[in-house]
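One file, upload12.txt, is given below (compact mmCIF, C-alpha atoms and all ligand atoms).
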# COMPACT_ATOMS: atom_id res chain seq x y z
CA MET A 206 0.00 0.00 0.00
CA SER A 207 1.23 3.49 -0.76
CA LEU A 208 0.41 6.74 1.06
CA ARG A 209 1.32 10.35 0.31
CA THR A 210 1.96 13.10 2.85
CA GLN A 211 3.89 16.34 3.16
CA VAL A 212 6.16 15.43 6.08
CA GLY A 213 6.90 11.81 6.98
CA ILE A 214 8.03 11.52 10.58
CA VAL A 215 9.98 8.52 11.87
CA GLY A 216 9.56 8.00 15.64
CA ALA A 217 6.72 8.81 18.03
CA GLY A 218 8.79 10.08 20.95
CA PRO A 219 8.45 13.66 22.14
CA ALA A 220 10.26 15.05 19.07
CA GLY A 221 8.18 13.24 16.43
CA LEU A 222 4.80 13.71 18.11
CA LEU A 223 5.39 17.38 18.94
CA LEU A 224 6.52 18.07 15.38
CA SER A 225 3.38 16.42 14.01
CA HIS A 226 1.26 18.46 16.43
CA LEU A 227 2.92 21.77 15.49
CA LEU A 228 2.68 21.02 11.76
CA GLN A 229 -1.01 20.21 11.98
CA ARG A 230 -1.62 23.60 13.63
CA GLN A 231 0.11 25.18 10.63
CA GLY A 232 -2.04 23.26 8.16
CA ILE A 233 0.80 20.92 7.16
CA GLU A 234 0.04 17.21 6.83
CA SER A 235 2.23 14.56 8.39
CA VAL A 236 2.29 10.86 9.16
CA VAL A 237 4.24 9.44 12.11
CA VAL A 238 5.74 5.95 11.84
CA GLU A 239 6.73 4.29 15.12
CA ARG A 240 8.20 0.85 15.64
CA HIS A 241 6.75 0.16 19.10
CA THR A 242 3.23 0.26 20.55
CA ARG A 243 1.84 3.43 22.11
CA GLN A 244 1.88 1.67 25.48
CA TYR A 245 5.56 0.84 25.16
CA VAL A 246 6.55 4.38 24.18
CA GLU A 247 4.46 5.86 26.97
CA ASP A 248 5.69 3.53 29.69
CA ARG A 249 9.41 4.15 29.23
CA VAL A 250 10.69 5.95 32.31
CA ARG A 251 12.54 8.97 31.02
CA ALA A 252 13.19 12.63 31.82
CA GLY A 253 11.00 14.74 34.07
CA VAL A 254 11.90 18.43 33.86
CA LEU A 255 10.45 20.97 31.43
CA GLU A 256 12.02 24.35 30.84
CA GLN A 257 9.34 26.99 31.22
CA TRP A 258 9.16 27.79 27.51
CA THR A 259 8.50 24.08 26.76
CA ALA A 260 5.57 24.06 29.20
CA ASP A 261 4.33 27.40 27.81
CA LEU A 262 4.48 25.97 24.28
CA MET A 263 2.35 22.99 25.34
CA ILE A 264 -0.19 25.31 26.95
CA GLU A 265 -0.26 27.80 24.04
CA THR A 266 -0.75 25.03 21.48
CA GLY A 267 -3.65 23.45 23.34
CA ILE A 268 -2.03 20.40 24.92
CA GLY A 269 -1.40 21.82 28.39
CA GLY A 270 -4.60 20.87 30.21
CA ARG A 271 -3.13 18.12 32.36
CA LEU A 272 0.21 19.91 32.61
CA LYS A 273 -1.52 22.89 34.23
CA ARG A 274 -3.23 20.60 36.73
CA GLU A 275 -0.43 18.18 37.52
CA GLY A 276 2.83 19.95 36.60
CA MET A 277 4.85 21.01 39.64
CA TYR A 278 6.21 24.52 39.16
CA HIS A 279 9.61 24.81 40.86
CA HIS A 280 11.06 28.22 41.55
CA GLY A 281 14.39 26.93 42.74
CA VAL A 282 16.80 24.02 42.82
CA MET A 283 19.19 22.80 45.53
CA PHE A 284 22.85 21.80 45.56
CA ARG A 285 24.10 19.81 48.56
CA PHE A 286 27.82 19.35 49.24
CA ALA A 287 30.28 19.39 52.15
CA GLY A 288 27.42 19.32 54.64
CA ARG A 289 25.79 22.43 53.16
CA THR A 290 22.63 22.90 51.16
CA HIS A 291 22.37 25.83 48.80
CA ARG A 292 19.20 26.97 47.04
CA PHE A 293 19.32 28.64 43.64
CA ASP A 294 16.37 31.02 43.84
CA PHE A 295 15.03 31.47 40.30
CA ASP A 296 12.73 34.35 41.27
CA GLN A 297 15.69 36.33 42.46
CA LEU A 298 18.22 35.13 39.85
CA VAL A 299 16.26 34.94 36.61
CA GLY A 300 13.24 37.12 37.07
CA GLY A 301 10.65 34.62 38.11
CA ARG A 302 11.09 32.11 35.33
CA CYS A 303 11.01 28.52 36.51
CA ILE A 304 11.04 24.83 35.60
CA ILE A 305 8.11 22.43 35.63
CA VAL A 306 8.46 18.90 36.93
CA TYR A 307 6.22 16.87 34.63
CA PRO A 308 7.25 13.41 33.41
CA GLN A 309 8.07 12.72 29.79
CA ASN A 310 5.57 9.81 29.88
CA LYS A 311 2.79 12.32 30.42
CA VAL A 312 4.10 14.64 27.70
CA VAL A 313 4.05 11.69 25.29
CA ALA A 314 0.56 10.59 26.41
CA ASP A 315 -0.79 14.15 26.02
CA LEU A 316 0.71 14.32 22.53
CA PHE A 317 -0.70 10.93 21.50
CA ASP A 318 -4.15 12.06 22.72
CA ALA A 319 -3.86 15.33 20.80
CA ARG A 320 -2.84 13.54 17.60
CA ALA A 321 -5.79 11.15 17.95
CA ALA A 322 -8.25 13.99 18.67
CA ALA A 323 -7.08 15.90 15.58
CA GLY A 324 -7.33 12.82 13.37
CA GLY A 325 -3.53 12.71 12.98
CA GLN A 326 -2.02 9.53 11.61
CA VAL A 327 0.36 7.73 13.92
CA ILE A 328 1.26 4.28 12.65
CA THR A 329 2.59 2.18 15.52
CA GLU A 330 4.17 -1.29 15.46
CA ALA A 331 5.78 -0.56 12.10
CA GLU A 332 8.44 -3.19 11.34
CA ASP A 333 11.64 -2.88 9.31
CA VAL A 334 11.33 0.86 8.87
CA SER A 335 13.67 2.36 6.27
CA VAL A 336 14.08 5.72 4.56
CA ASP A 337 15.01 6.23 0.92
CA ASP A 338 15.32 8.76 -1.95
CA PHE A 339 16.02 11.72 0.34
CA ALA A 340 19.49 12.64 -0.94
CA ASN A 341 18.34 15.40 -3.27
CA ALA A 342 17.28 18.52 -1.37
CA GLY A 343 15.52 20.03 -4.39
CA ASP A 344 12.87 18.40 -6.54
CA GLY A 345 14.34 15.09 -7.76
CA ALA A 346 12.88 11.80 -6.57
CA THR A 347 10.25 11.80 -3.82
CA ALA A 348 11.51 10.79 -0.38
CA LYS A 349 10.09 7.55 0.97
CA ILE A 350 9.54 5.83 4.28
CA ARG A 351 9.07 2.08 3.90
CA PHE A 352 7.95 -0.41 6.53
CA ARG A 353 5.81 -3.46 7.12
CA LYS A 354 2.65 -3.37 9.17
CA GLY A 355 0.98 -6.64 10.09
CA GLY A 356 3.16 -8.37 7.50
CA GLU A 357 2.12 -6.03 4.66
CA ALA A 358 4.72 -3.84 2.92
CA GLN A 359 3.87 -0.13 2.97
CA GLU A 360 5.40 3.02 1.57
CA ILE A 361 4.86 6.67 2.37
CA GLU A 362 5.92 9.23 -0.22
CA CYS A 363 6.73 12.59 1.30
CA ASP A 364 8.21 16.00 0.51
CA PHE A 365 10.44 15.76 3.59
CA ILE A 366 11.39 13.21 6.22
CA ALA A 367 11.90 14.12 9.86
CA GLY A 368 14.20 11.63 11.58
CA CYS A 369 12.86 11.73 15.15
CA ASP A 370 13.73 8.12 15.91
CA GLY A 371 16.08 8.59 18.83
CA PHE A 372 19.69 7.62 19.29
CA HIS A 373 19.26 4.04 18.04
CA GLY A 374 16.99 4.87 15.11
CA VAL A 375 17.46 4.21 11.38
CA CYS A 376 17.51 7.75 10.01
CA ARG A 377 20.97 8.91 11.12
CA PRO A 378 22.69 5.68 9.94
CA SER A 379 20.90 6.01 6.56
CA ILE A 380 22.88 9.17 5.79
CA PRO A 381 25.99 8.23 3.76
CA ALA A 382 29.14 7.78 5.81
CA GLY A 383 31.28 10.86 5.44
CA ALA A 384 28.38 13.31 5.24
CA LEU A 385 28.12 13.55 9.04
CA THR A 386 30.71 14.52 11.61
CA VAL A 387 30.20 12.98 15.01
CA TYR A 388 31.34 14.56 18.28
CA ASP A 389 31.21 12.13 21.15
CA ARG A 390 32.21 11.70 24.78
CA VAL A 391 31.32 8.69 26.89
CA TYR A 392 31.49 9.21 30.66
CA PRO A 393 33.13 6.61 32.89
CA PHE A 394 29.96 6.27 34.98
CA GLY A 395 26.20 5.88 34.73
CA TRP A 396 23.11 6.61 36.81
CA LEU A 397 21.20 4.00 38.73
CA GLY A 398 17.66 5.38 38.87
CA ILE A 399 14.66 4.35 40.91
CA LEU A 400 11.01 5.25 40.95
CA ALA A 401 9.72 4.90 44.50
CA GLU A 402 6.42 5.02 46.29
CA ALA A 403 7.83 7.59 48.66
CA PRO A 404 6.74 11.21 48.87
CA PRO A 405 9.68 13.40 47.82
CA SER A 406 11.66 14.48 50.89
CA SER A 407 12.22 17.93 49.41
CA GLU A 408 9.88 20.26 47.57
CA GLU A 409 12.65 20.99 45.07
CA LEU A 410 15.28 18.86 43.33
CA ILE A 411 18.52 18.22 45.23
CA TYR A 412 21.77 17.67 43.29
CA ALA A 413 24.22 16.19 45.80
CA TYR A 414 28.00 15.98 45.49
CA SER A 415 29.50 13.53 47.96
CA GLU A 416 32.69 11.60 48.48
CA ARG A 417 30.75 8.46 47.62
CA GLY A 418 29.61 9.89 44.29
CA PHE A 419 26.76 11.99 42.94
CA ALA A 420 23.11 11.57 43.93
CA LEU A 421 19.94 13.31 42.77
CA LEU A 422 16.59 13.60 44.45
CA SER A 423 13.81 14.28 41.97
CA MET A 424 10.13 13.41 41.78
CA ARG A 425 7.27 12.48 39.52
CA THR A 426 4.23 13.38 41.64
CA PRO A 427 3.71 14.51 45.24
CA GLN A 428 3.57 10.78 46.10
CA ILE A 429 6.23 9.31 43.82
CA GLY A 430 9.94 10.01 44.12
CA ARG A 431 12.56 9.62 41.40
CA LEU A 432 16.11 9.21 42.71
CA TYR A 433 19.47 8.56 41.13
CA LEU A 434 22.94 7.40 42.19
CA GLN A 435 26.17 7.71 40.23
CA CYS A 436 27.32 4.14 39.52
CA LYS A 437 29.62 2.19 37.21
CA PRO A 438 28.53 2.47 33.56
CA ASP A 439 27.98 -1.31 33.41
CA GLU A 440 26.68 -1.65 36.97
CA ASP A 441 24.78 -4.91 37.50
CA ILE A 442 21.39 -3.92 38.86
CA HIS A 443 21.10 -7.35 40.52
CA GLU A 444 23.82 -6.30 42.92
CA TRP A 445 21.58 -3.51 44.11
CA PRO A 446 18.75 -4.83 46.27
CA ASP A 447 16.39 -2.05 47.37
CA GLU A 448 17.93 -1.84 50.86
CA ARG A 449 21.38 -1.18 49.40
CA ILE A 450 20.02 1.57 47.15
CA TRP A 451 18.30 3.33 50.07
CA GLU A 452 21.37 2.96 52.25
CA GLU A 453 23.55 4.59 49.60
CA LEU A 454 21.01 7.35 48.93
CA GLN A 455 20.86 8.07 52.67
CA LEU A 456 24.64 8.47 52.78
CA ARG A 457 25.00 10.58 49.66
CA LEU A 458 22.00 12.82 50.33
CA ALA A 459 22.75 13.24 54.05
CA SER A 460 22.15 16.76 55.35
CA SER A 461 23.68 18.62 58.26
CA ASP A 462 20.15 19.75 59.09
CA PRO A 463 18.97 17.32 61.78
CA LYS A 464 15.35 17.93 60.80
CA TRP A 465 15.86 16.71 57.23
CA LYS A 466 15.08 13.08 56.56
CA LEU A 467 15.07 11.02 53.37
CA THR A 468 11.79 9.12 53.34
CA GLU A 469 12.07 5.61 51.94
CA GLY A 470 9.37 3.60 50.23
CA LYS A 471 8.61 0.72 47.93
CA VAL A 472 10.83 0.68 44.83
CA LEU A 473 8.51 0.50 41.81
CA GLN A 474 11.12 0.41 39.06
CA LYS A 475 14.91 0.52 38.80
CA GLY A 476 17.50 0.64 36.05
CA VAL A 477 20.97 1.76 35.01
CA THR A 478 21.71 4.17 32.16
CA GLY A 479 25.08 5.08 30.70
CA MET A 480 25.97 8.70 30.17
CA ARG A 481 27.29 10.33 27.04
CA SER A 482 27.51 13.58 25.14
CA PHE A 483 26.96 13.17 21.40
CA VAL A 484 26.32 15.47 18.44
CA ALA A 485 26.02 14.57 14.74
CA GLU A 486 26.48 17.47 12.34
CA PRO A 487 24.86 18.69 10.20
CA MET A 488 21.32 17.81 11.29
CA GLN A 489 20.14 17.71 7.67
CA TYR A 490 20.97 15.70 4.57
CA GLY A 491 18.91 16.48 1.47
CA LYS A 492 15.24 16.08 2.38
CA LEU A 493 16.00 14.32 5.67
CA PHE A 494 16.05 16.40 8.85
CA LEU A 495 17.24 14.94 12.16
CA ALA A 496 15.71 16.15 15.42
CA GLY A 497 16.01 15.25 19.11
CA ASP A 498 18.00 12.24 20.31
CA ALA A 499 18.49 11.11 16.68
CA ALA A 500 20.96 13.99 16.35
CA HIS A 501 22.27 14.56 19.87
CA ILE A 502 22.46 13.14 23.37
CA VAL A 503 23.26 14.99 26.57
CA PRO A 504 24.08 13.51 29.97
CA PRO A 505 20.97 13.98 32.14
CA THR A 506 22.64 16.18 34.76
CA GLY A 507 21.36 19.39 33.16
CA ALA A 508 17.83 18.04 32.48
CA LYS A 509 18.11 19.22 28.89
CA GLY A 510 17.31 16.18 26.64
CA LEU A 511 13.56 16.57 26.29
CA ASN A 512 13.76 20.36 26.01
CA LEU A 513 16.36 20.19 23.26
CA ALA A 514 14.18 17.79 21.30
CA ALA A 515 11.32 20.27 21.61
CA ALA A 516 13.54 23.20 20.57
CA ASP A 517 14.68 21.36 17.42
CA VAL A 518 11.16 20.68 16.22
CA VAL A 519 10.04 24.25 16.91
CA VAL A 520 12.80 25.46 14.57
CA LEU A 521 11.95 22.78 12.00
CA ALA A 522 8.20 23.46 12.11
CA LYS A 523 8.83 27.18 11.51
CA ALA A 524 11.10 26.45 8.56
CA LEU A 525 8.53 24.11 7.02
CA LYS A 526 5.83 26.71 7.53
CA GLU A 527 7.86 29.23 5.60
CA PHE A 528 8.56 26.74 2.84
CA TYR A 529 4.92 25.77 2.34
CA ALA A 530 3.69 29.37 2.58
CA THR A 531 6.26 30.99 0.27
CA GLY A 532 8.33 28.28 -1.42
CA ARG A 533 11.44 29.80 0.15
CA ARG A 534 14.09 27.40 1.45
CA GLU A 535 16.29 29.74 3.51
CA GLN A 536 14.96 28.59 6.88
CA LEU A 537 15.07 24.93 5.88
CA ASP A 538 18.66 25.36 4.73
CA GLY A 539 19.45 27.16 7.98
CA TYR A 540 17.75 24.57 10.21
CA SER A 541 20.87 22.68 11.20
CA ALA A 542 22.98 25.74 11.99
CA LYS A 543 20.20 27.32 14.02
CA ALA A 544 19.35 24.18 15.98
CA LEU A 545 23.03 23.41 16.63
CA ARG A 546 23.67 26.77 18.27
CA ARG A 547 21.25 25.83 21.03
CA VAL A 548 22.39 22.20 21.06
CA TRP A 549 26.02 23.13 21.69
CA LYS A 550 25.16 25.53 24.50
CA ALA A 551 23.12 22.78 26.14
CA GLN A 552 25.98 20.34 25.54
CA ARG A 553 28.39 22.68 27.26
CA PHE A 554 26.07 23.19 30.22
CA SER A 555 25.28 19.47 30.61
CA TRP A 556 28.98 18.56 30.42
CA TRP A 557 29.84 21.26 32.97
CA MET A 558 27.14 20.17 35.46
CA THR A 559 28.26 16.57 35.02
CA SER A 560 31.96 17.39 35.53
CA MET A 561 31.26 19.52 38.57
CA LEU A 562 29.05 17.03 40.39
CA HIS A 563 30.44 13.55 39.64
CA LEU A 564 33.52 11.72 40.84
CA PHE A 565 35.82 10.64 38.01
CA ASP A 566 38.05 7.66 38.77
CA THR A 567 40.96 9.39 37.01
CA ASP A 568 40.67 12.32 39.45
CA ASN A 569 42.92 12.68 42.47
CA ALA A 570 42.67 14.59 45.76
CA PHE A 571 43.55 17.82 43.95
CA ASP A 572 40.55 17.42 41.66
CA ARG A 573 38.20 16.83 44.61
CA ARG A 574 39.39 20.08 46.21
CA ARG A 575 38.98 21.85 42.86
CA GLN A 576 35.40 20.55 42.54
CA LEU A 577 34.57 21.73 46.06
CA ALA A 578 36.05 25.14 45.28
CA GLU A 579 33.92 25.30 42.14
CA LEU A 580 30.77 24.39 44.08
CA ASP A 581 31.68 26.97 46.72
CA TYR A 582 32.11 29.58 43.97
CA VAL A 583 28.99 28.64 42.01
CA THR A 584 26.84 28.83 45.12
CA GLY A 585 28.60 31.87 46.58
CA SER A 586 28.88 34.27 43.67
CA HIS A 587 25.72 36.02 42.48
CA ALA A 588 27.07 36.14 38.92
CA ALA A 589 27.83 32.41 38.93
CA GLN A 590 24.45 31.54 40.43
CA GLN A 591 22.78 33.60 37.75
CA THR A 592 24.76 31.80 35.04
CA LEU A 593 23.72 28.41 36.39
CA ALA A 594 20.08 29.42 36.81
CA GLU A 595 19.84 31.02 33.36
CA ASN A 596 21.09 27.83 31.71
CA TYR A 597 19.14 25.47 33.95
CA ILE A 598 15.76 27.09 33.33
CA GLY A 599 16.64 27.22 29.61
CA LEU A 600 18.27 29.85 27.42
CA PRO A 601 15.85 32.06 25.49
CA MET A 602 14.56 30.65 22.21
CA GLU A 603 15.97 32.65 19.30
N1 LIG B 701 11.48 3.08 13.23
C1 LIG B 701 10.46 3.73 13.83
N2 LIG B 701 10.54 4.24 15.05
C2 LIG B 701 11.70 4.12 15.69
C3 LIG B 701 12.81 3.47 15.11
C4 LIG B 701 12.66 2.93 13.83
N3 LIG B 701 13.66 2.28 13.23
N4 LIG B 701 13.83 3.51 15.99
C5 LIG B 701 13.38 4.15 17.06
N5 LIG B 701 12.10 4.53 16.91
C6 LIG B 701 11.25 5.24 17.85
C7 LIG B 701 11.43 4.80 19.29
O1 LIG B 701 10.68 3.63 19.57
C8 LIG B 701 10.93 6.01 20.05
O2 LIG B 701 9.56 5.94 20.32
O3 LIG B 701 11.59 6.61 17.87
C9 LIG B 701 11.21 7.18 19.12
C10 LIG B 701 12.33 8.08 19.60
O4 LIG B 701 11.96 8.67 20.81
P1 LIG B 701 13.01 9.15 21.91
O5 LIG B 701 14.09 8.17 22.04
O6 LIG B 701 12.22 9.51 23.12
O7 LIG B 701 13.68 10.45 21.26
P2 LIG B 701 13.14 11.96 21.07
O8 LIG B 701 11.73 11.99 20.62
O9 LIG B 701 14.20 12.63 20.30
O10 LIG B 701 13.11 12.55 22.53
C11 LIG B 701 14.24 12.89 23.26
O11 LIG B 701 13.88 11.34 24.99
O12 LIG B 701 15.69 9.95 25.49
C12 LIG B 701 14.89 10.98 25.93
O13 LIG B 701 16.16 12.27 27.40
C13 LIG B 701 15.74 12.16 26.08
O14 LIG B 701 14.09 13.51 26.87
C14 LIG B 701 14.82 13.24 25.70
C15 LIG B 701 13.91 12.71 24.71
C1 LIG B 702 14.34 13.33 36.57
O1 LIG B 702 13.44 13.69 37.34
O2 LIG B 702 14.28 12.25 35.96
C2 LIG B 702 15.54 14.18 36.38
C3 LIG B 702 15.57 15.44 36.96
C4 LIG B 702 16.68 16.25 36.80
C5 LIG B 702 17.76 15.78 36.07
C6 LIG B 702 17.71 14.53 35.47
C7 LIG B 702 16.60 13.72 35.63
O3 LIG B 702 18.86 16.56 35.93
Representation of the structure as structure tokens:
Amino acid sequence: MSLRTQVGIVGAGPAGLLLSHLLQRQGIESVVVERHTRQYVEDRVRAGVLEQWTADLMIETGIGGRLKREGMYHHGVMFRFAGRTHRFDFDQLVGGRCIIVYPQNKVVADLFDARAAAGGQVITEAEDVSVDDFANAGDGATAKIRFRKGGEAQEIECDFIAGCDGFHGVCRPSIPAGALTVYDRVYPFGWLGILAEAPPSSEELIYAYSERGFALLSMRTPQIGRLYLQCKPDEDIHEWPDERIWEELQLRLASSDPKWKLTEGKVLQKGVTGMRSFVAEPMQYGKLFLAGDAAHIVPPTGAKGLNLAAADVVVLAKALKEFYATGRREQLDGYSAKALRRVWKAQRFSWWMTSMLHLFDTDNAFDRRRQLAELDYVTGSHAAQQTLAENYIGLPME
């Protein structure tokens, strides 16, 4: 069977679904092709922090109903180190802008609902997805997405393809070797994350530097906590029974405030993720545009992954709008350069947060002292606090 659309989108994660949503509001047709089921995509435990502009975009484009009810607006974030806890006060540092704690699962569910309500086509459980005939940016052959659904071969002809299929997708590897330059750094540690039936012990996130390694206290709802521990990149989760995880979290998140207590609870889910920084440039090849994790990965320490995916598709949707309204290609041609400016600033910030807060096994006692001095400076200087806050809540959209 053969279909025709304007923009064929591979991947129904936040990048692909948000792009489809934005395009539909601009009167541009798209079809999303996803290899897993909706349930699978929705259930993956992923990021949980929205920069304010991302939340505002959801609200302004009509998909913010649940976000307004359930999103937790945080006007500050905490750093804990050397027995001290420091609060970065966003109201004071960055003029009242804030972050919203709202899980990626819910963002994805809200987007799936919006696509369904608008009659948008999202084809799930597509097998053997491939992309073809996209090399020529101009007219030439029509770009194609091919796949099988329920055993039947299908093809979608499209003006453009958006590769929103994440880090392990097919779109980036379909670009000829040599056309992309890859910038990569793999960190010598990972995060062991848990979801716990334990009300968060702090109203705001706590990033903790300790001699035992980094820990993070985050949350999903007022009843469900999300906590992380720095671990080996290939840590065997079976060596971490729940009691050991809580014991380690207690040590790393310990406060000098005798009133503070880390509340424990039933562990609902646990897993280990590696950490890397990765950028593939340019984010376009002919009629194929890469967006989100398909083009770049950040370590989670800056909470930037989901927001960067959203920023990419905002730039891409605008460029496509201009193309369909006027036939002009300037914005499409400028997509990669424009998106990459934001990507690299987020890369720098995520790398910096990661380097400041984690223990590296190549570091010595000098490096520990240097890290403590940096934390002391970052929390003590108004200018440095402002720099951290401005990046953490998200740089302005161009
Ligand atoms: N064919 C079709 N779909 C695919 C294929 C394929 N060959 N490969 C992957 N996919 C789908 C995945 O199943 C997933 O649903 O593409 C989607 C990609 O979604 P994400 O990995 O969530 O990537 P993205 O939408 O760019 O969102 C980035 O996700 O990893 C987090 O922290 C990251 O928050 C950031 C966000
Ligand atoms: C999360 O809640 O999953 C989370 C929060 C902040 C981060 C990373 C992850 O920096």
Mind listing the residues within 6 Å of ligand LIG 702 (chain B), all atoms listed in the file counted, as a list in words?
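I would give the residues around ligand LIG 702 (chain B) as Ala252, Gly253, Val254, Ser423, Met424, Arg431, Pro505, Thr506, Gly507 and Ala508 of chain A.
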Expected file: the selected residues, C-alpha atoms, as an mmCIF file, in the coordinates of the input:
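Wrote part_12.cif, looks like this:
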data_model
loop_
_atom_site.group_PDB
_atom_site.id
_atom_site.type_symbol
_atom_site.label_atom_id
_atom_site.label_comp_id
_atom_site.auth_asym_id
_atom_site.auth_seq_id
_atom_site.Cartn_x
_atom_site.Cartn_y
_atom_site.Cartn_z
ATOM 1 C CA ALA A 252 13.190 12.630 31.820
ATOM 2 C CA GLY A 253 11.000 14.740 34.070
ATOM 3 C CA VAL A 254 11.900 18.430 33.860
ATOM 4 C CA SER A 423 13.810 14.280 41.970
ATOM 5 C CA MET A 424 10.130 13.410 41.780
ATOM 6 C CA ARG A 431 12.560 9.620 41.400
ATOM 7 C CA PRO A 505 20.970 13.980 32.140
ATOM 8 C CA THR A 506 22.640 16.180 34.760
ATOM 9 C CA GLY A 507 21.360 19.390 33.160
ATOM 10 C CA ALA A 508 17.830 18.040 32.480
#
Atom-to-atom span, CA of Met206 in chain A and CA of Ala331 in chain A, Å:
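Going from CA of Met206 in chain A over to CA of Ala331 in chain A, I get 13.4 Å.
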Pick from A:Glu416, A:Glu603, A:Glu239, A:Glu595, whichever lies nearest to Gly374 in chain A using only C-alpha atoms:
A:Glu239
Suppose you want the space between CA of Tyr529 in chain A and CA of Ile233 in chain A; what is it in Å?
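CA of Ile233 in chain A lies 8.0 Å from CA of Tyr529 in chain A.
Taking CA of Pro438 in chain A and CA of Gly395 in chain A as endpoints, the distance between them is 4.3 Å.
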May I ask which of the residues A:Asp517, A:Asp498, A:Glu527, A:Glu247 is the closest one to Gly371 in chain A, counting all atoms listed in the file?
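Ranking A:Asp517, A:Asp498, A:Glu527, A:Glu247 by distance to Gly371 in chain A, first place goes to A:Asp498.
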In terms of all atoms listed in the file, the residue from A:Ala319, A:Val327, A:Ala346, A:Leu255 at minimal distance from Val215 in chain A is A:Val327
When the cut-off is 7 Å and you count only C-alpha atoms and all ligand atoms, which residues lie near ligand LIG 701 (chain B), shown as an MDAnalysis selection string?
chainID A and resid 215:221 238:241 246 251:252 309 331 333:335 369:375 496:499 505 510:512 514
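The shortest atom-to-atom distance to Ser555 in chain A, with only C-alpha atoms taken into account, belongs to A:Phe483 out of A:Phe494, A:Trp258, A:Phe483, A:Phe528.
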From A:Thr266, A:Val583, A:Val484, A:Lys543, residue lying nearest Val387 in chain A [only C-alpha atoms]
A:Val484
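Residue nearest Arg417 in chain A within the list A:Thr468, A:Thr210, A:Gln455, A:Gln590: A:Gln455 [criterion: smallest interatomic distance, all atoms listed in the file].
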Applying 9 Å and only C-alpha atoms, which residues near range 471-476 of chain A remain after dropping the ones on its own chain fewer than 6 positions away? List them as a ChimeraX atom specification.
/A:250,396-403,442,447
Keeping only C-alpha atoms, write the selected residues as a tab-separated table (two decimals), in the frame of the given file.
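File produced: out_28.tsv:
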chain	number	residue	atom	x	y	z
A	250	VAL	CA	10.69	5.95	32.31
A	396	TRP	CA	23.11	6.61	36.81
A	397	LEU	CA	21.20	4.00	38.73
A	398	GLY	CA	17.66	5.38	38.87
A	399	ILE	CA	14.66	4.35	40.91
A	400	LEU	CA	11.01	5.25	40.95
A	401	ALA	CA	9.72	4.90	44.50
A	402	GLU	CA	6.42	5.02	46.29
A	403	ALA	CA	7.83	7.59	48.66
A	442	ILE	CA	21.39	-3.92	38.86
A	447	ASP	CA	16.39	-2.05	47.37
